[in-house]
Amino acid sequence: MKTFLPTMADIKLTRQQIYDRIRETSKEEFILVEMKRLGFWGKKDGEPGVPELLIKKETELQKELNKLSEEKRKFQNREAVVKEMRMKRMAEAKVKRELNKKKREQERFDKAEAWKNKKATEIIYLGENVSLGLNHTENNIAALQKHNLPVFANETELAIAMGIDLKELRFLAFNRKVSEVSHYRKFYIPKKSGGRRLISAPMPRLKKVQYWILQNLLNKVALHKAANGFVAHRSIVSNAQPHVGKDLVLNMDVKDFFPSVHFKRTKGLLQQLGYSEKISTILSLICTEAVTDEVEIDGKNYFVQKGNRVLPQGAPTSPAITNILCFSLDNRLQGLANKLNCNYTRYADDITFSGGKEIIAQQLVWRIKRILQDEGFTVHPGKIRIMCKGTQQEVTGVIVNQQLSVNRKDLRQFRALLHNLKKGDTHTVHTPASLSNHIIGYANFVKMVNPVKGTQFKQSIVALFQNNTLQMPSNDAPASPIKTIIPTVENNPPANNADDKPWWKVV
């Protein structure tokens, strides 16, 4: 069965469709189109004839005339025109608002993504009052090469070199006014002169990074020859040696040595070495600690900052930073010593001058104070010692009158202690490991000054261990200053804090 599709001639228009088409064009145009559709108007090749063009032109003119007439009618009704214009503007404004809303949303999204990506690859804020120079990233390559220091183009390279990610670096360096976390564990140790000294020991994560800074950056910087404290191949013995057999020995201590070096001084030092302000800021924040108070609120402990960031006493980087920072101080004091024909050494905050009878001690003290003040330090008023020939002259715990030696009174007490242990004194048998640490530490000190006596002491100590009179030393024993002598256990009980670290190395 065949299916016949309707042709154009078979399609019949309704009355309404006819009216609509006449209204859209014109009566003549509609008739022309219908005649063509029904086949009454011949199709000629080429361009259309004149009658057809006239009809089309007339239709176009009629449309334009109708349009103008419509506009004229509109303008005659002012309220309708204003209303139409208002509606048009409202519609346009609505479309514009929608477009602007989408644009702002996209901008916020793009900004958030850019910020997220920037935070993942850069450190752009490290806390209040310390983030000002983080946009300065230019290194002084010549200065870094002069000091044989590695170059870090950005914080990502620094983090990679440290073996941590950028998030960890930001966490360790961030300066918080109030925090639930502290990067330091604080405790006290007894001072040689009495009282207690606050020690801020870095927690393992921070301590690891600080040791990296010490070994890979700070230890590469050349120090003044007068600096003997915390320097490889130098010790209290090398600090005392130049002052042996002098007519006068002058010893002075710097007051609050580490706290005198604040964040800005540390940052300035690193910039002088060649690092950009951004890298210097990060390193300085890692090496300094803010003075804080620990408070408890609603059962939670908070660490509230109450002072400037300074070098903590207990961080491995603090002595090295002060040694580098004191190069100018050492240079000036060495120049003063050369001018007066004296010897000068410095062991951390312990400054020592020595020379002949011609030295006027009071004038020398005054000059040293002026130089220290110029360099940002202050002399401890209660720790100025002028030791003349004929009295006991001591430099960093070592006697220097005629030769390097140890205080006789301390040696006698130490021999008595070993003798009591050897006899099996009831007060000292099976002593705690902390006492063993003290004994070994003092024996090592004696060996540094007098190798013969030190070796004899250590042989006696080994025998005590073999007889089980002494317990094996513990790495968690409390620290002991050089001058600590323990004649009996009951007079010198072990410290309560078993987490303090010994200052010496057991050999």
# chains A, B, ... in the order shown; residues from 1 in each chain; ligands from 1

$ select_by_dssp --residues "stretch 26-197 of chain A" --states "strand (DSSP E or B)" --output "number ranges by chain"
A: 178-179, 184-190, 196-197

$ select_by_dssp --residues "stretch 234-393 of chain A" --states "helix (DSSP H, G or I)" --output "PyMOL selection string"
chain A and resi 236-243+263-273+277-287+318-325+327-339+361-374

$ closest_residue --among "A:Leu333, A:Ser182, A:Ile321, A:Pro316" --to "A:Lys207" --atoms "only C-alpha atoms"
A:Pro316

$ closest_atom_pairs --of "stretch 208-245 of chain A" --to "stretch 382-393 of chain A" --cutoff "12 Å" --atoms "only C-alpha atoms" --output "Markdown table"
| residue | atom | partner | partner_atom | distance |
| --- | --- | --- | --- | --- |
| A:Ala240 | CA | A:Gln393 | CA | 10.2 |
| A:His243 | CA | A:Gln393 | CA | 9.1 |
| A:Val244 | CA | A:Gln393 | CA | 8.8 |
| A:Gly245 | CA | A:Lys389 | CA | 8.1 |

$ atom_distance --atom1 "atom CA of A:Leu149" --atom2 "atom CA of A:Ile282"
16.2 Å

$ atom_distance --atom1 "atom CA of A:Leu217" --atom2 "atom CA of A:Lys264"
18.4 Å

$ atom_distance --atom1 "atom CA of A:Glu394" --atom2 "atom CA of A:Arg408"
12.1 Å

$ residues_around --residues "A:Lys357" --least-positions-apart "4" --cutoff "9 Å" --atoms "only C-alpha atoms" --output "ChimeraX atom specification"
/A:246-248,388

$ residues_around --residues "A:Lys267" --least-positions-apart "3" --cutoff "7 Å" --atoms "only C-alpha atoms" --output "list of chain:residue names"
A:Phe263, A:Lys264, A:Leu270, A:Gln271, A:Ser280, A:Thr281, A:Ser284

$ write_last_selection --atoms "all heavy atoms" --output "PDB file, in the first residue's frame"
ATOM      1  N   PHE A 263      64.186  38.566  68.684  1.00  0.00           N
ATOM      2  CA  PHE A 263      63.845  38.119  67.324  1.00  0.00           C
ATOM      3  C   PHE A 263      64.431  39.033  66.243  1.00  0.00           C
ATOM      4  O   PHE A 263      65.004  38.570  65.254  1.00  0.00           O
ATOM      5  CB  PHE A 263      62.322  38.039  67.190  1.00  0.00           C
ATOM      6  CG  PHE A 263      61.820  37.945  65.779  1.00  0.00           C
ATOM      7  CD1 PHE A 263      61.922  36.768  65.060  1.00  0.00           C
ATOM      8  CD2 PHE A 263      61.245  39.048  65.158  1.00  0.00           C
ATOM      9  CE1 PHE A 263      61.460  36.686  63.754  1.00  0.00           C
ATOM     10  CE2 PHE A 263      60.785  38.973  63.863  1.00  0.00           C
ATOM     11  CZ  PHE A 263      60.892  37.791  63.157  1.00  0.00           C
ATOM     12  N   LYS A 264      64.312  40.348  66.430  1.00  0.00           N
ATOM     13  CA  LYS A 264      64.776  41.280  65.406  1.00  0.00           C
ATOM     14  C   LYS A 264      66.296  41.221  65.236  1.00  0.00           C
ATOM     15  O   LYS A 264      66.807  41.353  64.121  1.00  0.00           O
ATOM     16  CB  LYS A 264      64.322  42.696  65.743  1.00  0.00           C
ATOM     17  CG  LYS A 264      62.826  42.906  65.588  1.00  0.00           C
ATOM     18  CD  LYS A 264      62.430  44.357  65.836  1.00  0.00           C
ATOM     19  CE  LYS A 264      60.939  44.563  65.627  1.00  0.00           C
ATOM     20  NZ  LYS A 264      60.529  45.965  65.873  1.00  0.00           N
ATOM     21  N   LEU A 270      70.816  37.096  60.326  1.00  0.00           N
ATOM     22  CA  LEU A 270      70.661  36.193  59.185  1.00  0.00           C
ATOM     23  C   LEU A 270      70.602  36.967  57.869  1.00  0.00           C
ATOM     24  O   LEU A 270      71.088  36.496  56.837  1.00  0.00           O
ATOM     25  CB  LEU A 270      69.406  35.343  59.368  1.00  0.00           C
ATOM     26  CG  LEU A 270      69.486  34.326  60.516  1.00  0.00           C
ATOM     27  CD1 LEU A 270      68.118  33.770  60.844  1.00  0.00           C
ATOM     28  CD2 LEU A 270      70.450  33.212  60.174  1.00  0.00           C
ATOM     29  N   GLN A 271      70.025  38.163  57.902  1.00  0.00           N
ATOM     30  CA  GLN A 271      70.021  38.994  56.698  1.00  0.00           C
ATOM     31  C   GLN A 271      71.430  39.461  56.356  1.00  0.00           C
ATOM     32  O   GLN A 271      71.791  39.549  55.178  1.00  0.00           O
ATOM     33  CB  GLN A 271      69.090  40.192  56.886  1.00  0.00           C
ATOM     34  CG  GLN A 271      67.606  39.833  56.831  1.00  0.00           C
ATOM     35  CD  GLN A 271      66.723  41.051  56.937  1.00  0.00           C
ATOM     36  OE1 GLN A 271      66.292  41.431  58.029  1.00  0.00           O
ATOM     37  NE2 GLN A 271      66.453  41.684  55.817  1.00  0.00           N
ATOM     38  N   SER A 280      65.030  34.727  56.436  1.00  0.00           N
ATOM     39  CA  SER A 280      65.550  35.136  57.741  1.00  0.00           C
ATOM     40  C   SER A 280      64.446  35.153  58.786  1.00  0.00           C
ATOM     41  O   SER A 280      64.667  34.765  59.944  1.00  0.00           O
ATOM     42  CB  SER A 280      66.194  36.522  57.633  1.00  0.00           C
ATOM     43  OG  SER A 280      67.277  36.514  56.731  1.00  0.00           O
ATOM     44  N   THR A 281      63.259  35.597  58.405  1.00  0.00           N
ATOM     45  CA  THR A 281      62.129  35.622  59.336  1.00  0.00           C
ATOM     46  C   THR A 281      61.759  34.209  59.780  1.00  0.00           C
ATOM     47  O   THR A 281      61.565  33.949  60.971  1.00  0.00           O
ATOM     48  CB  THR A 281      60.916  36.292  58.673  1.00  0.00           C
ATOM     49  OG1 THR A 281      61.244  37.643  58.344  1.00  0.00           O
ATOM     50  CG2 THR A 281      59.709  36.274  59.603  1.00  0.00           C
ATOM     51  N   SER A 284      64.513  32.767  62.032  1.00  0.00           N
ATOM     52  CA  SER A 284      64.544  33.456  63.332  1.00  0.00           C
ATOM     53  C   SER A 284      63.392  33.012  64.217  1.00  0.00           C
ATOM     54  O   SER A 284      63.563  32.854  65.433  1.00  0.00           O
ATOM     55  CB  SER A 284      64.493  34.971  63.117  1.00  0.00           C
ATOM     56  OG  SER A 284      65.596  35.409  62.357  1.00  0.00           O
TER      57      SER A 284
END

$ closest_residue --among "A:Asp253, A:Asp350, A:Glu71, A:Glu155" --to "A:Lys119" --atoms "only C-alpha atoms"
A:Glu155

$ closest_residue --among "A:Leu364, A:Ala416, A:Leu214, A:Phe30" --to "A:Gln17" --atoms "only C-alpha atoms"
A:Phe30

$ decode --residues "stretch 351-388 of chain A" --atoms "N, CA and C atoms" --output "PDB file, in the first residue's frame"
ATOM      1  N   ILE A 351      83.254  36.674  80.144  1.00  0.00           N
ATOM      2  CA  ILE A 351      84.317  37.466  79.510  1.00  0.00           C
ATOM      3  C   ILE A 351      85.508  37.538  80.449  1.00  0.00           C
ATOM      4  N   THR A 352      86.696  37.247  79.922  1.00  0.00           N
ATOM      5  CA  THR A 352      87.901  37.221  80.749  1.00  0.00           C
ATOM      6  C   THR A 352      89.014  38.018  80.091  1.00  0.00           C
ATOM      7  N   PHE A 353      89.651  38.905  80.877  1.00  0.00           N
ATOM      8  CA  PHE A 353      90.860  39.634  80.493  1.00  0.00           C
ATOM      9  C   PHE A 353      91.952  39.291  81.491  1.00  0.00           C
ATOM     10  N   SER A 354      93.176  39.291  81.034  1.00  0.00           N
ATOM     11  CA  SER A 354      94.303  39.072  81.942  1.00  0.00           C
ATOM     12  C   SER A 354      95.525  39.801  81.405  1.00  0.00           C
ATOM     13  N   GLY A 355      96.399  40.165  82.336  1.00  0.00           N
ATOM     14  CA  GLY A 355      97.601  40.888  81.917  1.00  0.00           C
ATOM     15  C   GLY A 355      98.537  41.150  83.074  1.00  0.00           C
ATOM     16  N   GLY A 356      99.444  42.122  82.881  1.00  0.00           N
ATOM     17  CA  GLY A 356     100.459  42.430  83.883  1.00  0.00           C
ATOM     18  C   GLY A 356     100.003  43.438  84.917  1.00  0.00           C
ATOM     19  N   LYS A 357     100.978  43.851  85.755  1.00  0.00           N
ATOM     20  CA  LYS A 357     100.677  44.750  86.869  1.00  0.00           C
ATOM     21  C   LYS A 357     100.262  46.137  86.403  1.00  0.00           C
ATOM     22  N   GLU A 358     100.626  46.479  85.166  1.00  0.00           N
ATOM     23  CA  GLU A 358     100.345  47.838  84.693  1.00  0.00           C
ATOM     24  C   GLU A 358      98.859  48.073  84.417  1.00  0.00           C
ATOM     25  N   ILE A 359      98.065  47.019  84.418  1.00  0.00           N
ATOM     26  CA  ILE A 359      96.638  47.167  84.112  1.00  0.00           C
ATOM     27  C   ILE A 359      95.910  47.798  85.299  1.00  0.00           C
ATOM     28  N   ILE A 360      95.121  48.795  85.013  1.00  0.00           N
ATOM     29  CA  ILE A 360      94.262  49.417  86.028  1.00  0.00           C
ATOM     30  C   ILE A 360      92.871  48.801  85.866  1.00  0.00           C
ATOM     31  N   ALA A 361      92.518  47.964  86.813  1.00  0.00           N
ATOM     32  CA  ALA A 361      91.313  47.140  86.667  1.00  0.00           C
ATOM     33  C   ALA A 361      90.053  47.980  86.514  1.00  0.00           C
ATOM     34  N   GLN A 362      89.923  49.052  87.313  1.00  0.00           N
ATOM     35  CA  GLN A 362      88.708  49.852  87.264  1.00  0.00           C
ATOM     36  C   GLN A 362      88.507  50.487  85.886  1.00  0.00           C
ATOM     37  N   GLN A 363      89.597  50.990  85.304  1.00  0.00           N
ATOM     38  CA  GLN A 363      89.483  51.587  83.977  1.00  0.00           C
ATOM     39  C   GLN A 363      89.121  50.540  82.930  1.00  0.00           C
ATOM     40  N   LEU A 364      89.700  49.343  83.084  1.00  0.00           N
ATOM     41  CA  LEU A 364      89.407  48.264  82.141  1.00  0.00           C
ATOM     42  C   LEU A 364      87.936  47.856  82.229  1.00  0.00           C
ATOM     43  N   VAL A 365      87.412  47.778  83.452  1.00  0.00           N
ATOM     44  CA  VAL A 365      85.996  47.434  83.635  1.00  0.00           C
ATOM     45  C   VAL A 365      85.114  48.481  82.982  1.00  0.00           C
ATOM     46  N   TRP A 366      85.435  49.752  83.170  1.00  0.00           N
ATOM     47  CA  TRP A 366      84.634  50.833  82.589  1.00  0.00           C
ATOM     48  C   TRP A 366      84.614  50.749  81.063  1.00  0.00           C
ATOM     49  N   ARG A 367      85.776  50.485  80.456  1.00  0.00           N
ATOM     50  CA  ARG A 367      85.848  50.384  78.990  1.00  0.00           C
ATOM     51  C   ARG A 367      85.052  49.181  78.472  1.00  0.00           C
ATOM     52  N   ILE A 368      85.171  48.065  79.177  1.00  0.00           N
ATOM     53  CA  ILE A 368      84.424  46.871  78.747  1.00  0.00           C
ATOM     54  C   ILE A 368      82.931  47.123  78.833  1.00  0.00           C
ATOM     55  N   LYS A 369      82.492  47.770  79.897  1.00  0.00           N
ATOM     56  CA  LYS A 369      81.065  48.080  80.038  1.00  0.00           C
ATOM     57  C   LYS A 369      80.572  48.937  78.879  1.00  0.00           C
ATOM     58  N   ARG A 370      81.356  49.943  78.472  1.00  0.00           N
ATOM     59  CA  ARG A 370      80.956  50.821  77.384  1.00  0.00           C
ATOM     60  C   ARG A 370      80.823  50.045  76.073  1.00  0.00           C
ATOM     61  N   ILE A 371      81.779  49.152  75.814  1.00  0.00           N
ATOM     62  CA  ILE A 371      81.724  48.369  74.578  1.00  0.00           C
ATOM     63  C   ILE A 371      80.520  47.425  74.594  1.00  0.00           C
ATOM     64  N   LEU A 372      80.289  46.764  75.727  1.00  0.00           N
ATOM     65  CA  LEU A 372      79.143  45.864  75.837  1.00  0.00           C
ATOM     66  C   LEU A 372      77.831  46.615  75.639  1.00  0.00           C
ATOM     67  N   GLN A 373      77.746  47.807  76.206  1.00  0.00           N
ATOM     68  CA  GLN A 373      76.535  48.607  76.057  1.00  0.00           C
ATOM     69  C   GLN A 373      76.305  48.989  74.600  1.00  0.00           C
ATOM     70  N   ASP A 374      77.384  49.358  73.899  1.00  0.00           N
ATOM     71  CA  ASP A 374      77.265  49.697  72.476  1.00  0.00           C
ATOM     72  C   ASP A 374      76.783  48.508  71.650  1.00  0.00           C
ATOM     73  N   GLU A 375      77.138  47.305  72.078  1.00  0.00           N
ATOM     74  CA  GLU A 375      76.784  46.093  71.326  1.00  0.00           C
ATOM     75  C   GLU A 375      75.459  45.482  71.794  1.00  0.00           C
ATOM     76  N   GLY A 376      74.755  46.168  72.693  1.00  0.00           N
ATOM     77  CA  GLY A 376      73.438  45.696  73.101  1.00  0.00           C
ATOM     78  C   GLY A 376      73.438  44.732  74.271  1.00  0.00           C
ATOM     79  N   PHE A 377      74.496  44.716  75.073  1.00  0.00           N
ATOM     80  CA  PHE A 377      74.571  43.820  76.227  1.00  0.00           C
ATOM     81  C   PHE A 377      74.812  44.629  77.493  1.00  0.00           C
ATOM     82  N   THR A 378      74.626  43.970  78.649  1.00  0.00           N
ATOM     83  CA  THR A 378      74.802  44.618  79.944  1.00  0.00           C
ATOM     84  C   THR A 378      75.618  43.709  80.850  1.00  0.00           C
ATOM     85  N   VAL A 379      76.568  44.303  81.580  1.00  0.00           N
ATOM     86  CA  VAL A 379      77.376  43.530  82.523  1.00  0.00           C
ATOM     87  C   VAL A 379      76.554  43.223  83.763  1.00  0.00           C
ATOM     88  N   HIS A 380      76.667  41.983  84.251  1.00  0.00           N
ATOM     89  CA  HIS A 380      76.003  41.611  85.492  1.00  0.00           C
ATOM     90  C   HIS A 380      76.753  42.270  86.654  1.00  0.00           C
ATOM     91  N   PRO A 381      76.102  43.177  87.381  1.00  0.00           N
ATOM     92  CA  PRO A 381      76.839  43.935  88.410  1.00  0.00           C
ATOM     93  C   PRO A 381      77.380  43.068  89.540  1.00  0.00           C
ATOM     94  N   GLY A 382      76.753  41.931  89.802  1.00  0.00           N
ATOM     95  CA  GLY A 382      77.211  41.077  90.892  1.00  0.00           C
ATOM     96  C   GLY A 382      78.217  40.021  90.473  1.00  0.00           C
ATOM     97  N   LYS A 383      78.626  40.043  89.211  1.00  0.00           N
ATOM     98  CA  LYS A 383      79.553  39.013  88.723  1.00  0.00           C
ATOM     99  C   LYS A 383      80.765  39.639  88.041  1.00  0.00           C
ATOM    100  N   ILE A 384      81.395  40.572  88.740  1.00  0.00           N
ATOM    101  CA  ILE A 384      82.659  41.162  88.288  1.00  0.00           C
ATOM    102  C   ILE A 384      83.728  40.741  89.292  1.00  0.00           C
ATOM    103  N   ARG A 385      84.689  39.980  88.833  1.00  0.00           N
ATOM    104  CA  ARG A 385      85.726  39.473  89.735  1.00  0.00           C
ATOM    105  C   ARG A 385      87.100  39.946  89.260  1.00  0.00           C
ATOM    106  N   ILE A 386      87.820  40.578  90.173  1.00  0.00           N
ATOM    107  CA  ILE A 386      89.202  41.015  89.897  1.00  0.00           C
ATOM    108  C   ILE A 386      90.111  40.153  90.757  1.00  0.00           C
ATOM    109  N   MET A 387      90.885  39.270  90.128  1.00  0.00           N
ATOM    110  CA  MET A 387      91.721  38.286  90.835  1.00  0.00           C
ATOM    111  C   MET A 387      93.193  38.608  90.600  1.00  0.00           C
ATOM    112  N   CYS A 388      93.835  39.035  91.663  1.00  0.00           N
ATOM    113  CA  CYS A 388      95.252  39.394  91.570  1.00  0.00           C
ATOM    114  C   CYS A 388      96.122  38.181  91.875  1.00  0.00           C
TER     115      CYS A 388
END
